[in-house]
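The structure under discussion appears below in the form of structure tokens.
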Amino acid sequence: ATGRVPNTGSLALHRAGVALASTGGIATDSELCTANPDIYAAGDCLPGPDRFTHAAEWQARAAVRNAFLGEALDAQRLLVPRATYTDPEVAAVGRTAAELRAAGAAFETFTRQAADVDRNKCDDEREGFAALHVSTETGKILGATVVGHSAGDHLSEVTLCMQNGLTAADLAGTMHPYPTAAEVVRQAAQASVRAGIFRPSSQKLLHALSRPSEHVAWSAEGGIGVLQLTRPKALNAC
């Protein structure tokens, strides 16, 4: 793709008190208000890199609400997913591994191959993968890439998690219908949970939880003996 650039040169926006950024896009503040407080801008005319239809729609929503409803929505805080509709499809959200390394972030990348997901085996859609970059400090997802059939569709729940501060464990512990291709994302998150569980520091706790004798209680009620077995809370993300 050749990309797109703002086409503002012939609009004489300076006459309306609207300033341009050095790249030719319309300069706005975080609430999409231009240098003229009565004019807002959204979409591909902005100088930012996120020139997507879905980004323009959400910017327009924010601009309208800020302009007419007096809200103060920060458009710069929008998390913009990206999708390229090639074959295979490629989708991503958040920062890449290279960007995270450059920023000195502490993270690990967990990948699930599409060929290992049962639905993909049934549909013979074996090309692709899901990769999640997970913070080793908070467990939150910092970025993700999904490649394969309907990759853009599978990316949406990762975007939801990132937008709302959910962790990879939250995603891994969410039941998905079986068999579905979206399991590729959940299973990538599941890999991050398993990595934490099977670290040496976790082995002592796991060993304790595996002792059934520690969860057995005996009591007498009305002359009748009652044997109560309390199972440890299921590790539903395992």
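A note on labels: chains of the structure tokens are A, B, ... as shown, every chain counts residues from 1, and ligands are counted from 1 in their shown order.
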
Using only C-alpha atoms, which residues sit within 8 Å of Ala97 in chain A once same-chain residues fewer than 5 positions away are excluded, as a count of residues only?
3

All residues 10 Å or closer to Glu157 in chain A, only C-alpha atoms, same chain fewer than 5 positions away omitted, as a list in words
Met162, Gln163, Leu171, Ala182, Val185 and Arg186 of chain A

Based on the selection just made, write N, CA, C and O atoms of those residues as a compact mmCIF listing (two decimals), in the first residue's frame.
```txt
# COMPACT_ATOMS: atom_id res chain seq x y z
N MET A 162 -6.63 -5.02 26.75
CA MET A 162 -5.65 -3.95 26.91
C MET A 162 -6.34 -2.63 27.24
O MET A 162 -5.86 -1.86 28.07
N GLN A 163 -7.47 -2.35 26.59
CA GLN A 163 -8.19 -1.10 26.83
C GLN A 163 -8.68 -1.00 28.27
O GLN A 163 -8.75 0.09 28.84
N LEU A 171 -7.71 -13.20 30.49
CA LEU A 171 -8.08 -13.72 29.17
C LEU A 171 -8.02 -15.25 29.16
O LEU A 171 -8.93 -15.92 28.65
N ALA A 182 -10.94 -18.72 17.70
CA ALA A 182 -10.50 -17.69 18.65
C ALA A 182 -9.70 -18.26 19.81
O ALA A 182 -9.05 -17.53 20.55
N VAL A 185 -5.97 -17.22 20.55
CA VAL A 185 -5.60 -16.10 21.40
C VAL A 185 -5.64 -16.51 22.87
O VAL A 185 -4.72 -16.20 23.65
N ARG A 186 -6.71 -17.19 23.27
CA ARG A 186 -6.80 -17.61 24.66
C ARG A 186 -5.67 -18.56 25.04
O ARG A 186 -5.12 -18.49 26.13
```

Quick check for you: according to DSSP on this backbone, which residues of range 8-119 of chain A are classed as alpha helix (DSSP H)? Reply as a compact mmCIF listing (two decimals) with all heavy atoms, in the first residue's frame.
```txt
# COMPACT_ATOMS: atom_id res chain seq x y z
N THR A 53 -10.08 3.42 8.95
CA THR A 53 -11.50 3.76 8.99
C THR A 53 -12.03 3.70 10.41
O THR A 53 -12.77 4.59 10.86
CB THR A 53 -12.30 2.80 8.09
OG1 THR A 53 -11.81 2.89 6.76
CG2 THR A 53 -13.78 3.15 8.10
N HIS A 54 -11.67 2.64 11.15
CA HIS A 54 -12.18 2.50 12.51
C HIS A 54 -11.62 3.57 13.45
O HIS A 54 -12.31 4.03 14.35
CB HIS A 54 -11.90 1.10 13.06
CG HIS A 54 -10.48 0.63 12.90
ND1 HIS A 54 -10.02 0.07 11.74
CD2 HIS A 54 -9.44 0.61 13.77
CE1 HIS A 54 -8.75 -0.27 11.89
NE2 HIS A 54 -8.37 0.05 13.11
N ALA A 55 -10.37 4.02 13.21
CA ALA A 55 -9.81 5.09 14.03
C ALA A 55 -10.53 6.40 13.75
O ALA A 55 -10.85 7.16 14.67
CB ALA A 55 -8.32 5.24 13.75
N ALA A 56 -10.81 6.67 12.46
CA ALA A 56 -11.53 7.90 12.10
C ALA A 56 -12.92 7.92 12.72
O ALA A 56 -13.39 8.98 13.20
CB ALA A 56 -11.62 8.01 10.58
N GLU A 57 -13.60 6.77 12.72
CA GLU A 57 -14.93 6.71 13.32
C GLU A 57 -14.89 7.07 14.79
O GLU A 57 -15.70 7.87 15.28
CB GLU A 57 -15.52 5.31 13.13
CG GLU A 57 -16.90 5.17 13.77
CD GLU A 57 -17.36 3.73 13.89
OE1 GLU A 57 -16.57 2.82 13.59
OE2 GLU A 57 -18.52 3.53 14.29
N TRP A 58 -13.94 6.48 15.52
CA TRP A 58 -13.87 6.75 16.96
C TRP A 58 -13.42 8.17 17.24
O TRP A 58 -13.88 8.79 18.21
CB TRP A 58 -12.95 5.73 17.63
CG TRP A 58 -13.68 4.43 17.87
CD1 TRP A 58 -13.69 3.33 17.06
CD2 TRP A 58 -14.54 4.12 18.96
NE1 TRP A 58 -14.49 2.35 17.58
CE2 TRP A 58 -15.04 2.81 18.74
CE3 TRP A 58 -14.95 4.82 20.09
CZ2 TRP A 58 -15.91 2.19 19.63
CZ3 TRP A 58 -15.82 4.21 20.96
CH2 TRP A 58 -16.29 2.90 20.73
N GLN A 59 -12.53 8.72 16.42
CA GLN A 59 -12.15 10.12 16.59
C GLN A 59 -13.34 11.03 16.36
O GLN A 59 -13.54 12.03 17.07
CB GLN A 59 -11.01 10.46 15.63
CG GLN A 59 -9.69 9.80 15.98
CD GLN A 59 -8.70 9.84 14.84
OE1 GLN A 59 -8.99 10.37 13.77
NE2 GLN A 59 -7.52 9.26 15.05
N ALA A 60 -14.14 10.71 15.35
CA ALA A 60 -15.34 11.51 15.07
C ALA A 60 -16.32 11.46 16.25
O ALA A 60 -16.91 12.48 16.62
CB ALA A 60 -16.01 11.02 13.80
N ARG A 61 -16.49 10.28 16.84
CA ARG A 61 -17.36 10.16 18.01
C ARG A 61 -16.87 11.07 19.13
O ARG A 61 -17.65 11.79 19.76
CB ARG A 61 -17.38 8.71 18.51
CG ARG A 61 -18.12 7.72 17.61
CD ARG A 61 -17.87 6.31 18.13
NE ARG A 61 -18.45 5.29 17.28
CZ ARG A 61 -19.61 4.70 17.51
NH1 ARG A 61 -20.33 5.04 18.56
NH2 ARG A 61 -20.09 3.77 16.69
N ALA A 62 -15.55 11.01 19.38
CA ALA A 62 -14.98 11.82 20.45
C ALA A 62 -15.13 13.31 20.14
O ALA A 62 -15.46 14.11 21.03
CB ALA A 62 -13.52 11.47 20.66
N ALA A 63 -14.87 13.70 18.90
CA ALA A 63 -14.96 15.11 18.52
C ALA A 63 -16.38 15.64 18.70
O ALA A 63 -16.58 16.76 19.22
CB ALA A 63 -14.50 15.30 17.08
N VAL A 64 -17.37 14.87 18.27
CA VAL A 64 -18.76 15.30 18.40
C VAL A 64 -19.15 15.44 19.86
O VAL A 64 -19.79 16.43 20.27
CB VAL A 64 -19.69 14.32 17.67
CG1 VAL A 64 -21.15 14.58 18.02
CG2 VAL A 64 -19.49 14.42 16.16
N ARG A 65 -18.78 14.47 20.67
CA ARG A 65 -19.14 14.53 22.09
C ARG A 65 -18.43 15.67 22.80
O ARG A 65 -19.02 16.34 23.66
CB ARG A 65 -18.81 13.18 22.75
CG ARG A 65 -19.74 12.06 22.28
CD ARG A 65 -19.27 10.70 22.74
NE ARG A 65 -19.32 10.55 24.18
CZ ARG A 65 -19.05 9.40 24.80
NH1 ARG A 65 -18.72 8.32 24.09
NH2 ARG A 65 -19.11 9.33 26.11
N ASN A 66 -17.17 15.92 22.44
CA ASN A 66 -16.45 17.02 23.06
C ASN A 66 -17.01 18.37 22.62
O ASN A 66 -17.15 19.30 23.42
CB ASN A 66 -14.96 16.94 22.72
CG ASN A 66 -14.28 15.77 23.40
OD1 ASN A 66 -14.79 15.21 24.36
ND2 ASN A 66 -13.12 15.39 22.90
N ALA A 67 -17.35 18.48 21.33
CA ALA A 67 -17.81 19.76 20.78
C ALA A 67 -19.22 20.12 21.23
O ALA A 67 -19.51 21.27 21.56
CB ALA A 67 -17.73 19.73 19.26
N PHE A 68 -20.12 19.12 21.26
CA PHE A 68 -21.54 19.42 21.49
C PHE A 68 -22.05 19.02 22.87
O PHE A 68 -23.06 19.56 23.32
CB PHE A 68 -22.38 18.74 20.41
CG PHE A 68 -22.15 19.27 19.03
CD1 PHE A 68 -21.40 18.55 18.12
CD2 PHE A 68 -22.65 20.50 18.64
CE1 PHE A 68 -21.16 19.03 16.85
CE2 PHE A 68 -22.42 21.00 17.37
CZ PHE A 68 -21.68 20.27 16.46
N LEU A 69 -21.36 18.10 23.53
CA LEU A 69 -21.83 17.65 24.83
C LEU A 69 -20.95 18.14 25.98
O LEU A 69 -21.21 17.83 27.14
CB LEU A 69 -21.92 16.12 24.86
CG LEU A 69 -22.84 15.49 23.81
CD1 LEU A 69 -22.83 13.97 23.94
CD2 LEU A 69 -24.26 16.03 23.94
N ALA A 97 7.41 -6.13 19.85
CA ALA A 97 8.50 -6.58 20.71
C ALA A 97 9.70 -5.66 20.59
O ALA A 97 10.36 -5.34 21.60
CB ALA A 97 8.88 -8.02 20.37
N ALA A 98 9.99 -5.20 19.37
CA ALA A 98 11.13 -4.30 19.17
C ALA A 98 10.91 -2.99 19.90
O ALA A 98 11.84 -2.44 20.53
CB ALA A 98 11.34 -4.06 17.68
N GLU A 99 9.69 -2.46 19.86
CA GLU A 99 9.40 -1.20 20.56
C GLU A 99 9.48 -1.38 22.06
O GLU A 99 9.97 -0.49 22.78
CB GLU A 99 8.01 -0.71 20.15
CG GLU A 99 7.91 -0.23 18.72
CD GLU A 99 6.50 0.02 18.26
OE1 GLU A 99 5.56 -0.55 18.86
OE2 GLU A 99 6.31 0.79 17.29
N LEU A 100 9.04 -2.51 22.57
CA LEU A 100 9.10 -2.76 24.00
C LEU A 100 10.55 -2.90 24.47
O LEU A 100 10.92 -2.39 25.54
CB LEU A 100 8.30 -4.02 24.34
CG LEU A 100 6.78 -3.89 24.21
CD1 LEU A 100 6.12 -5.26 24.30
CD2 LEU A 100 6.23 -2.97 25.30
N ARG A 101 11.36 -3.60 23.68
CA ARG A 101 12.77 -3.73 24.04
C ARG A 101 13.46 -2.37 24.03
O ARG A 101 14.27 -2.07 24.93
CB ARG A 101 13.48 -4.70 23.09
CG ARG A 101 13.19 -6.17 23.38
CD ARG A 101 14.12 -7.08 22.60
NE ARG A 101 13.83 -7.04 21.17
CZ ARG A 101 13.01 -7.85 20.55
NH1 ARG A 101 12.38 -8.79 21.22
NH2 ARG A 101 12.81 -7.75 19.24
N ALA A 102 13.15 -1.55 23.05
CA ALA A 102 13.76 -0.22 22.96
C ALA A 102 13.37 0.65 24.16
O ALA A 102 14.13 1.51 24.59
CB ALA A 102 13.35 0.46 21.66
N ASP A 118 -7.67 -26.85 17.65
CA ASP A 118 -8.51 -27.92 17.10
C ASP A 118 -9.43 -27.44 15.98
O ASP A 118 -9.61 -28.13 14.97
CB ASP A 118 -9.34 -28.55 18.22
CG ASP A 118 -8.49 -29.41 19.14
OD1 ASP A 118 -7.31 -29.65 18.81
OD2 ASP A 118 -9.00 -29.84 20.20
N ARG A 119 -10.03 -26.26 16.11
CA ARG A 119 -10.93 -25.78 15.06
C ARG A 119 -10.18 -25.58 13.75
O ARG A 119 -10.68 -25.88 12.67
CB ARG A 119 -11.60 -24.48 15.51
CG ARG A 119 -12.50 -23.84 14.45
CD ARG A 119 -13.61 -24.80 14.00
NE ARG A 119 -14.45 -24.21 12.99
CZ ARG A 119 -15.57 -23.53 13.26
NH1 ARG A 119 -15.97 -23.38 14.51
NH2 ARG A 119 -16.29 -23.03 12.28
```

What lies within 8 Å of range 187-189 of chain A using only C-alpha atoms, ignoring chain neighbours under 2 positions off, as a ChimeraX atom specification?
/A:110-112,130-132,168-169,171-172,183-185,191-193

Export all heavy atoms of the chosen residues as a compact mmCIF listing (two decimals), in the first residue's frame?
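This is the output file out_12.txt:
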```txt
# COMPACT_ATOMS: atom_id res chain seq x y z
N PHE A 110 4.53 -14.83 24.35
CA PHE A 110 3.96 -16.17 24.35
C PHE A 110 3.19 -16.37 23.06
O PHE A 110 2.35 -15.54 22.69
CB PHE A 110 3.05 -16.36 25.56
CG PHE A 110 3.78 -16.20 26.87
CD1 PHE A 110 3.81 -14.96 27.50
CD2 PHE A 110 4.44 -17.26 27.44
CE1 PHE A 110 4.50 -14.79 28.69
CE2 PHE A 110 5.13 -17.10 28.63
CZ PHE A 110 5.16 -15.87 29.26
N THR A 111 3.49 -17.46 22.37
CA THR A 111 2.95 -17.70 21.03
C THR A 111 2.21 -19.02 20.96
O THR A 111 2.65 -20.02 21.54
CB THR A 111 4.09 -17.70 19.98
OG1 THR A 111 4.80 -16.45 20.06
CG2 THR A 111 3.54 -17.87 18.58
N ARG A 112 1.10 -19.00 20.27
CA ARG A 112 0.34 -20.22 19.99
C ARG A 112 0.17 -20.33 18.48
O ARG A 112 -0.29 -19.40 17.82
CB ARG A 112 -1.03 -20.17 20.66
CG ARG A 112 -1.87 -21.44 20.46
CD ARG A 112 -1.24 -22.64 21.12
NE ARG A 112 -2.18 -23.77 21.21
CZ ARG A 112 -1.83 -24.98 21.61
NH1 ARG A 112 -0.59 -25.24 21.97
NH2 ARG A 112 -2.74 -25.95 21.67
N ALA A 130 -0.79 -16.63 17.10
CA ALA A 130 -1.10 -15.50 17.97
C ALA A 130 0.06 -15.33 18.93
O ALA A 130 0.50 -16.30 19.55
CB ALA A 130 -2.40 -15.72 18.73
N ALA A 131 0.57 -14.12 19.05
CA ALA A 131 1.69 -13.83 19.96
C ALA A 131 1.29 -12.68 20.87
O ALA A 131 0.84 -11.63 20.40
CB ALA A 131 2.94 -13.46 19.17
N LEU A 132 1.45 -12.87 22.17
CA LEU A 132 1.12 -11.85 23.17
C LEU A 132 2.39 -11.43 23.89
O LEU A 132 3.17 -12.28 24.34
CB LEU A 132 0.12 -12.39 24.19
CG LEU A 132 -1.20 -12.95 23.68
CD1 LEU A 132 -2.07 -13.39 24.85
CD2 LEU A 132 -1.93 -11.94 22.82
N ALA A 168 -3.30 -11.11 31.11
CA ALA A 168 -3.31 -12.33 30.30
C ALA A 168 -4.01 -13.45 31.04
O ALA A 168 -4.69 -14.28 30.44
CB ALA A 168 -1.87 -12.73 29.96
N ALA A 169 -3.89 -13.48 32.36
CA ALA A 169 -4.58 -14.50 33.15
C ALA A 169 -6.09 -14.33 33.07
O ALA A 169 -6.83 -15.32 33.06
CB ALA A 169 -4.12 -14.43 34.61
N LEU A 171 -7.71 -13.20 30.49
CA LEU A 171 -8.08 -13.72 29.17
C LEU A 171 -8.02 -15.25 29.16
O LEU A 171 -8.93 -15.92 28.65
CB LEU A 171 -7.15 -13.14 28.11
CG LEU A 171 -7.29 -13.67 26.68
CD1 LEU A 171 -8.72 -13.55 26.18
CD2 LEU A 171 -6.34 -12.94 25.75
N ALA A 172 -6.97 -15.80 29.74
CA ALA A 172 -6.81 -17.25 29.77
C ALA A 172 -7.91 -17.92 30.57
O ALA A 172 -8.33 -19.05 30.26
CB ALA A 172 -5.44 -17.62 30.35
N GLU A 183 -9.75 -19.58 19.97
CA GLU A 183 -8.96 -20.23 21.01
C GLU A 183 -7.47 -19.96 20.84
O GLU A 183 -6.70 -20.08 21.79
CB GLU A 183 -9.21 -21.74 20.99
CG GLU A 183 -10.47 -22.17 21.70
CD GLU A 183 -10.21 -22.39 23.18
OE1 GLU A 183 -9.70 -23.45 23.54
OE2 GLU A 183 -10.52 -21.47 23.95
N VAL A 184 -7.02 -19.60 19.65
CA VAL A 184 -5.61 -19.35 19.44
C VAL A 184 -5.12 -18.22 20.33
O VAL A 184 -3.99 -18.24 20.83
CB VAL A 184 -5.31 -19.05 17.94
CG1 VAL A 184 -5.89 -17.71 17.51
CG2 VAL A 184 -3.81 -19.10 17.66
N VAL A 185 -5.97 -17.22 20.55
CA VAL A 185 -5.60 -16.10 21.40
C VAL A 185 -5.64 -16.51 22.87
O VAL A 185 -4.72 -16.20 23.65
CB VAL A 185 -6.54 -14.90 21.14
CG1 VAL A 185 -6.32 -13.81 22.18
CG2 VAL A 185 -6.31 -14.34 19.74
N ALA A 191 -0.57 -19.87 27.85
CA ALA A 191 0.85 -20.21 27.92
C ALA A 191 1.57 -19.31 28.92
O ALA A 191 2.49 -19.76 29.61
CB ALA A 191 1.48 -20.08 26.53
N SER A 192 1.15 -18.05 29.00
CA SER A 192 1.79 -17.15 29.96
C SER A 192 1.47 -17.54 31.39
O SER A 192 2.31 -17.43 32.30
CB SER A 192 1.36 -15.70 29.70
OG SER A 192 0.03 -15.48 30.13
N VAL A 193 0.24 -18.01 31.62
CA VAL A 193 -0.15 -18.45 32.96
C VAL A 193 0.61 -19.71 33.36
O VAL A 193 1.12 -19.83 34.47
CB VAL A 193 -1.67 -18.70 33.02
CG1 VAL A 193 -2.07 -19.25 34.38
CG2 VAL A 193 -2.42 -17.41 32.73
```

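Taking only C-alpha atoms, the non-local environment of range 28-42 of chain A within 6 Å (same-chain residues fewer than 6 positions away omitted) comprises Gly17, Val18, Ala19, Gln59, Ala60, Ala63, Leu73, Asp74, Ala75 and Gln76 of chain A.
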
What does the file look like for those residues with C-alpha atoms, as an mmCIF file, in the first residue's frame?
```
data_model
loop_
_atom_site.group_PDB
_atom_site.id
_atom_site.type_symbol
_atom_site.label_atom_id
_atom_site.label_comp_id
_atom_site.auth_asym_id
_atom_site.auth_seq_id
_atom_site.Cartn_x
_atom_site.Cartn_y
_atom_site.Cartn_z
ATOM 1 C CA GLY A 17 -7.616 30.260 12.418
ATOM 2 C CA VAL A 18 -6.844 26.555 12.005
ATOM 3 C CA ALA A 19 -3.159 25.667 12.287
ATOM 4 C CA GLN A 59 -12.150 10.117 16.594
ATOM 5 C CA ALA A 60 -15.344 11.510 15.075
ATOM 6 C CA ALA A 63 -14.961 15.108 18.525
ATOM 7 C CA LEU A 73 -12.607 12.680 25.887
ATOM 8 C CA ASP A 74 -8.882 12.256 25.293
ATOM 9 C CA ALA A 75 -8.558 10.932 21.744
ATOM 10 C CA GLN A 76 -4.848 10.328 22.231
#
```

Could you pull the residues within 12 Å of Gly3 in chain A, counting only C-alpha atoms, minus those fewer than 4 positions along the same chain, as a short mmCIF file (atom, residue, chain, number, x, y, z; two decimals) with all heavy atoms, in the first residue's frame?
```cif
data_model
loop_
_atom_site.label_atom_id
_atom_site.label_comp_id
_atom_site.auth_asym_id
_atom_site.auth_seq_id
_atom_site.Cartn_x
_atom_site.Cartn_y
_atom_site.Cartn_z
N ASP A 44 -8.41 11.15 8.70
CA ASP A 44 -7.13 11.13 7.98
C ASP A 44 -6.49 12.50 7.85
O ASP A 44 -5.32 12.60 7.46
CB ASP A 44 -7.32 10.53 6.59
CG ASP A 44 -7.63 9.05 6.64
OD1 ASP A 44 -7.60 8.48 7.74
OD2 ASP A 44 -7.89 8.45 5.58
N PRO A 49 -0.33 8.68 12.94
CA PRO A 49 -0.09 7.56 12.03
C PRO A 49 -1.30 6.64 11.84
O PRO A 49 -1.28 5.78 10.96
CB PRO A 49 1.03 6.79 12.73
CG PRO A 49 0.78 7.04 14.19
CD PRO A 49 0.24 8.45 14.28
N ASP A 50 -2.33 6.80 12.66
CA ASP A 50 -3.43 5.83 12.68
C ASP A 50 -4.51 6.20 11.68
O ASP A 50 -5.61 6.62 12.05
CB ASP A 50 -4.01 5.72 14.09
CG ASP A 50 -3.00 5.23 15.09
OD1 ASP A 50 -2.24 4.30 14.75
OD2 ASP A 50 -2.96 5.76 16.22
N ARG A 51 -4.20 6.06 10.40
CA ARG A 51 -5.16 6.41 9.35
C ARG A 51 -5.95 5.16 8.94
O ARG A 51 -5.68 4.54 7.92
CB ARG A 51 -4.44 7.06 8.17
CG ARG A 51 -3.82 8.40 8.55
CD ARG A 51 -3.34 9.20 7.35
NE ARG A 51 -2.89 10.50 7.78
CZ ARG A 51 -1.61 10.82 7.99
NH1 ARG A 51 -0.67 9.91 7.75
NH2 ARG A 51 -1.27 12.02 8.40
N PHE A 52 -6.89 4.81 9.80
CA PHE A 52 -7.75 3.66 9.56
C PHE A 52 -9.20 4.12 9.64
O PHE A 52 -9.53 5.07 10.36
CB PHE A 52 -7.52 2.56 10.60
CG PHE A 52 -6.11 2.06 10.66
CD1 PHE A 52 -5.26 2.46 11.68
CD2 PHE A 52 -5.64 1.16 9.71
CE1 PHE A 52 -3.96 1.99 11.74
CE2 PHE A 52 -4.35 0.68 9.76
CZ PHE A 52 -3.50 1.10 10.78
#
```

Calculate how many Å separate CA of Ala151 in chain A from CA of Asp116 in chain A, rounding to one decimal.
15.5 Å

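A straight line drawn from CA of Cys45 in chain A to CA of Val5 in chain A is 7.6 Å long.
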
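The spacing separating CA of Phe129 in chain A from CA of Arg4 in chain A amounts to 28.9 Å.
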
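Residue neighbourhood of range 121-123 of chain A, excluding near-sequence residues (fewer than 2 positions): Gln113, Ala114, Ala115, Asp116, Val117, Asp118, Arg119, Glu125, Arg126, Glu127, His149, Tyr178, Pro179, Thr180, Ala181 and Val184 of chain A, at 12 Å, using only C-alpha atoms.
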
Using all heavy atoms, can you export the residues from the last selection as a tab-separated table (two decimals), in the first residue's frame?
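Once written, result.tsv looks like this:
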```tsv
chain	number	residue	atom	x	y	z
A	113	GLN	N	0.56	-21.46	17.93
A	113	GLN	CA	0.44	-21.68	16.50
A	113	GLN	C	-1.00	-22.04	16.14
A	113	GLN	O	-1.64	-22.83	16.83
A	113	GLN	CB	1.39	-22.80	16.05
A	113	GLN	CG	2.86	-22.50	16.28
A	113	GLN	CD	3.35	-21.31	15.48
A	113	GLN	OE1	2.93	-21.08	14.35
A	113	GLN	NE2	4.26	-20.54	16.07
A	114	ALA	N	-1.48	-21.48	15.04
A	114	ALA	CA	-2.85	-21.77	14.60
A	114	ALA	C	-3.03	-23.26	14.31
A	114	ALA	O	-4.11	-23.83	14.53
A	114	ALA	CB	-3.18	-20.95	13.36
A	115	ALA	N	-1.98	-23.91	13.83
A	115	ALA	CA	-2.06	-25.34	13.48
A	115	ALA	C	-2.32	-26.22	14.69
A	115	ALA	O	-2.74	-27.38	14.55
A	115	ALA	CB	-0.76	-25.78	12.80
A	116	ASP	N	-2.09	-25.69	15.92
A	116	ASP	CA	-2.30	-26.49	17.13
A	116	ASP	C	-3.69	-26.30	17.73
A	116	ASP	O	-4.00	-26.90	18.76
A	116	ASP	CB	-1.25	-26.11	18.17
A	116	ASP	CG	0.16	-26.48	17.73
A	116	ASP	OD1	0.29	-27.50	17.02
A	116	ASP	OD2	1.11	-25.75	18.08
A	117	VAL	N	-4.52	-25.47	17.11
A	117	VAL	CA	-5.88	-25.22	17.60
A	117	VAL	C	-6.84	-26.17	16.90
A	117	VAL	O	-6.84	-26.27	15.67
A	117	VAL	CB	-6.28	-23.75	17.35
A	117	VAL	CG1	-7.72	-23.50	17.78
A	117	VAL	CG2	-5.33	-22.81	18.09
A	118	ASP	N	-7.67	-26.85	17.65
A	118	ASP	CA	-8.51	-27.92	17.10
A	118	ASP	C	-9.43	-27.44	15.98
A	118	ASP	O	-9.61	-28.13	14.97
A	118	ASP	CB	-9.34	-28.55	18.22
A	118	ASP	CG	-8.49	-29.41	19.14
A	118	ASP	OD1	-7.31	-29.65	18.81
A	118	ASP	OD2	-9.00	-29.84	20.20
A	119	ARG	N	-10.03	-26.26	16.11
A	119	ARG	CA	-10.93	-25.78	15.06
A	119	ARG	C	-10.18	-25.58	13.75
A	119	ARG	O	-10.68	-25.88	12.67
A	119	ARG	CB	-11.60	-24.48	15.51
A	119	ARG	CG	-12.50	-23.84	14.45
A	119	ARG	CD	-13.61	-24.80	14.00
A	119	ARG	NE	-14.45	-24.21	12.99
A	119	ARG	CZ	-15.57	-23.53	13.26
A	119	ARG	NH1	-15.97	-23.38	14.51
A	119	ARG	NH2	-16.29	-23.03	12.28
A	125	GLU	N	-7.21	-24.79	8.36
A	125	GLU	CA	-6.66	-23.43	8.36
A	125	GLU	C	-5.47	-23.42	9.32
A	125	GLU	O	-5.56	-22.97	10.45
A	125	GLU	CB	-7.71	-22.41	8.81
A	125	GLU	CG	-8.89	-22.25	7.87
A	125	GLU	CD	-8.53	-21.42	6.65
A	125	GLU	OE1	-7.41	-20.90	6.58
A	125	GLU	OE2	-9.39	-21.31	5.75
A	126	ARG	N	-4.35	-23.93	8.86
A	126	ARG	CA	-3.22	-24.17	9.77
A	126	ARG	C	-2.15	-23.09	9.73
A	126	ARG	O	-1.18	-23.16	10.48
A	126	ARG	CB	-2.60	-25.53	9.45
A	126	ARG	CG	-3.58	-26.70	9.62
A	126	ARG	CD	-3.02	-28.01	9.09
A	126	ARG	NE	-4.01	-29.09	9.21
A	126	ARG	CZ	-4.05	-29.94	10.23
A	126	ARG	NH1	-3.18	-29.85	11.20
A	126	ARG	NH2	-4.98	-30.88	10.26
A	127	GLU	N	-2.34	-22.10	8.89
A	127	GLU	CA	-1.31	-21.07	8.76
A	127	GLU	C	-1.58	-19.94	9.74
A	127	GLU	O	-2.70	-19.45	9.86
A	127	GLU	CB	-1.31	-20.52	7.32
A	127	GLU	CG	-0.12	-19.63	7.00
A	127	GLU	CD	-0.06	-19.30	5.53
A	127	GLU	OE1	-1.12	-19.31	4.87
A	127	GLU	OE2	1.04	-19.01	5.03
A	149	HIS	N	-6.20	-16.72	9.25
A	149	HIS	CA	-7.58	-16.49	8.83
A	149	HIS	C	-8.35	-15.74	9.91
A	149	HIS	O	-8.32	-16.11	11.08
A	149	HIS	CB	-8.24	-17.84	8.54
A	149	HIS	CG	-9.65	-17.71	8.03
A	149	HIS	ND1	-9.94	-17.20	6.78
A	149	HIS	CD2	-10.84	-18.01	8.61
A	149	HIS	CE1	-11.25	-17.21	6.59
A	149	HIS	NE2	-11.81	-17.70	7.69
A	178	TYR	N	-16.12	-24.31	22.41
A	178	TYR	CA	-15.23	-25.26	21.73
A	178	TYR	C	-15.99	-25.99	20.65
A	178	TYR	O	-17.13	-26.41	20.87
A	178	TYR	CB	-14.67	-26.26	22.75
A	178	TYR	CG	-13.81	-27.32	22.12
A	178	TYR	CD1	-12.44	-27.12	21.96
A	178	TYR	CD2	-14.36	-28.52	21.67
A	178	TYR	CE1	-11.64	-28.09	21.38
A	178	TYR	CE2	-13.58	-29.49	21.09
A	178	TYR	CZ	-12.21	-29.27	20.94
A	178	TYR	OH	-11.43	-30.23	20.36
A	179	PRO	N	-15.41	-26.17	19.49
A	179	PRO	CA	-14.10	-25.64	19.07
A	179	PRO	C	-14.27	-24.33	18.29
A	179	PRO	O	-15.15	-24.22	17.44
A	179	PRO	CB	-13.59	-26.74	18.13
A	179	PRO	CG	-14.85	-27.28	17.50
A	179	PRO	CD	-15.95	-27.14	18.52
A	180	THR	N	-13.48	-23.35	18.60
A	180	THR	CA	-13.50	-22.08	17.87
A	180	THR	C	-12.08	-21.66	17.56
A	180	THR	O	-11.14	-21.96	18.31
A	180	THR	CB	-14.18	-20.95	18.68
A	180	THR	OG1	-13.54	-20.84	19.96
A	180	THR	CG2	-15.65	-21.22	18.87
A	181	ALA	N	-11.93	-20.94	16.45
A	181	ALA	CA	-10.60	-20.48	16.04
A	181	ALA	C	-10.05	-19.42	16.99
A	181	ALA	O	-8.83	-19.24	17.08
A	181	ALA	CB	-10.66	-19.93	14.61
A	184	VAL	N	-7.02	-19.60	19.65
A	184	VAL	CA	-5.61	-19.35	19.44
A	184	VAL	C	-5.12	-18.22	20.33
A	184	VAL	O	-3.99	-18.24	20.83
A	184	VAL	CB	-5.31	-19.05	17.94
A	184	VAL	CG1	-5.89	-17.71	17.51
A	184	VAL	CG2	-3.81	-19.10	17.66
```

From range 100-155 of chain A, collect each residue whose DSSP state is strand (DSSP E or B) and return the set as a list in words.
Phe107, Glu108, Thr109, Phe110, Thr111, Arg112, Gln113, Gly128, Phe129, Ala130, Ala131, Leu132, His133, Val134, Ser135, Lys140, Ile141, Leu142, Gly143, Ala144, Thr145, Val146, Val147 and Gly148 of chain A
